[in-house]
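Peer 1: Here you go, one structure.
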Amino acid sequence: MTVKLDFEECLKDSPRFRASIELVEAEVSELETRLEKLLKLGTGLLDSGRHYVAAGRAFITGICDLARLGPPEPMMAECLDKFSESLNHKLDSHSELLDATQHTLQQQIQTLVKEGLRGFREARRDFWRGAESLEAALTHNAEVPRRRIQEAEEAGAALKTARAGYRGRALDYALQINVIEDKRKFDIMEFVLRLVEAQATHFQQGHEELNRLAQYRKELGAQLHQLVLNSAREKRDMEQRHVLLKQKELGGEEPEPSLREGPGGLVMEGHLFKRASNAFKTWSRRWFTIQSNQLVYQKKYKDPVTVVVDDLRLCTVKLCPDSDRRFCFEVVSPSKSCLLQADSERLLQLWISAVQSSIATAFSQAHLDDSPRGPGQGSGHLAVGSAATLGYSGMARGREPGGGGHVAAQVQSVDGNAQCCDCREPAPEWASINLGVTLCIQCSGIHRSLGVHFSKVRSLTLDSWEPELVKLMCELGNVVINQIYEARVEGMAVKKPGPSCSRQEKEAWIHAKYVEKKFLTKLPEIRGRRGGRGPPRGHPPVPPKPSVRLWPGSLKSKPESPSDDLGSLHPGALLFRAAGQPPCLPTMADALAHGADVNWVNGEQENATPLIQATAANSLLACEFLLQNGANVNQADNHGRGPLHHATILGHTGLACLFLKRGADLGALDSEGRDPLTIAMETANADIVTLLRLAKMREAEVALGQAGDETYLDIFRDFSLMASDAPEKLSRRSQDLHTL
């Protein structure tokens, strides 16, 4: 639109003015059409841009999901974190550009359409109404006869009024035309300018974001180049091995069994046929494994394992020459027997040897794991492992509450547990239950080789976990234990191995850390010791006291005189004190690390042991910690009372259940000739009476070679869960226990 009207020409109402008006109206109509089209195109642009931003974010999420497939890789994780963050910043900048474009469209173009053109349309409507009125007045004034003077005067007056109204409206219309001409120019120019500024800001931010990653992109490119070279070498090696294997004549021979010497003894796995115990005696092929003192099998890899033998110490293996099928052997335990079939005579002999070797290894580990039993220890088959008799040494995974991934997530959430305690490998799936730390699979194998008197290894995902053991793992953790076992690492300038270090380096570190204990705080020489009488005859001498860290709340079990110097306590006395009320597990771990005897006796407190002290404090976690570190569950005090006696007297049902699972002697008598059941009856504790009666019935059935009822296992499992999660429910008493 290039027409600009002159006000003088407007007053004359000349043909030039009318022609200009018609030209202006046509151009304004075209301007309005094009502005509305621009608004529609702008809306489409904004919608497409927002779809692009949403699709970009979804694309980034898809890349991250793809990268999370499989085990985590630090290099890929860092790359994805940096690039995802950068791409998200660019998309944020794009969203800001779209917002700025929308704001500019609304402020400039939409305002021009709604306000500027609306004023023009109103002025045009008034102008043409005035023009019509003037045309009518002129026609009427011209048609009045000369002789009608009065009518002529009225027509003249009306013409004057119409002409004045027309001129005013014409001037207003001309003003609107000139204004919209100027407004159109600077509104469109300002819109374009703001759009360009928003684009400049957007691309400037993108440029800065890319510059920030420039150095990292160069380094990553070099790493990727090296990865490509390594991958090419691996591919060449695999192709060569593939050719060699294809050239080798297999001849349909049976596959070699997976047989190796592991930290826990001979480990073997492979397929066997198993005869079902139902009436049909059907045979099914299953994948069997000997591991962790158990014989287990599963149908598919992800299926929960089924335990055939809870404890290999309680079973024997023999050939079955009378069976209709060849290559059969039988694994017999006190509660059941299982008939199995190998694929060949050679595999049959290998399986029998593996089971026998595992039985021998289990007995040797038990000898290291269990401390000597007290005078009141029961004897016979049950004494080998009462926990196994009660069915708790190896509950089928999948039935155990809190098992599998839930246990791993819960334990790994503890501060420091998301990495291996010894090499910092991320997402460790193994644990040392007596130390209370998480381990990667390679470090767990090294821990197994140390022996169970140093470290008891268990899988966070494959093994069964009692609730009290899960809580114990969450109470300790890698940070706490490393503060003890790595206390002098920084001062000694020793380099801790990383995830990529060799097995030899990790093995040397673990041996120095847990066996040689090189990094503990040094033991100062002291002339005298206090805090309890030394061990009785037959116990090893008390080691000198350690320079230990005093954890918060570790010595509040009973009031101590101000003269009690904690620095003069030897490790056994410190362990005893830390097991009191309230117990402090880090201090207990520190005392054990410095050589405390877990069965140390306090002569000043009736020869009580740390386990009895923890029982008096009613601490399930402290008792579990001591038992996992070899505490004797049957060691008695001066009155002949062991931990089970004290738990019964004090009414601590959860602890009584724990001691029964760990092999407490049901028939041990105190100095007054009372066994735990008699004490429970006298104290009218219904729950403990129920537990003890069930344990005695179970013991009698096992002694007769009977399998027993699964109800026993369910009841003990319920008591364990309540003791860990809701101990307040275990306070039931009854005046008449004869109805139980």
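As shown in the structure tokens, the chain order sets the letters A, B, ...; within each chain, residues go from 1, and ligands are also counted from 1 in the order they appear.
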Once DSSP has gone over the backbone, tell me which residues of region 40-271 of chain A are in strand (DSSP E or B), as number ranges by chain.
Peer 2: A: 258-262, 265-271
Peer 1: Would you mind listing what lies within 12 Å of Glu197 (chain A) as a VMD selection string, with only C-alpha atoms counted and same-chain residues fewer than 5 positions away left out?
Peer 2: chain A and resid 97 100 to 101 104 190 to 192 202 to 204
Peer 1: Smallest atom-to-atom distance to Leu462 (chain A): which of A:Ala174, A:Ile446, A:Ala408, A:Val179, using only C-alpha atoms?
Peer 2: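 Closest to Leu462 (chain A) of all the choices is A:Ala408.
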Peer 1: Mind checking which residues fall within 10 Å of region 634-645 of chain A, counting only C-alpha atoms, ignoring those fewer than 5 positions away in the same chain, and posting them as a ChimeraX atom specification?
Peer 2: /A:371-378,599,601-603,605-616,623,650-653,655-660,662-666,668-680
Peer 1: What is the CA of Ala200 (chain A)-CA of Gly42 (chain A) distance in Å, reported with one decimal?
Peer 2: 18.4 Å
Peer 1: Counting only C-alpha atoms, what is within 10 Å of Met189 (chain A), bar same-chain residues fewer than 6 positions away, as a list in words?
Peer 2: Gln108, Lys183 and Leu195 of chain A
Peer 1: Take the residues that were just selected and, keeping C-alpha atoms, output them as a compact mmCIF listing (two decimals), in the first residue's frame.
Peer 2:
```
# COMPACT_ATOMS: atom_id res chain seq x y z
CA GLN A 108 2.76 -7.21 16.20
CA LYS A 183 1.74 1.48 11.13
CA LEU A 195 12.10 -12.67 14.93
```
Peer 1: What does the distance between CA of Met681 (chain A) and CA of Glu624 (chain A) come to in Å, to one decimal place?
Peer 2: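 Result for CA of Met681 (chain A) versus CA of Glu624 (chain A): 25.7 Å, one decimal.
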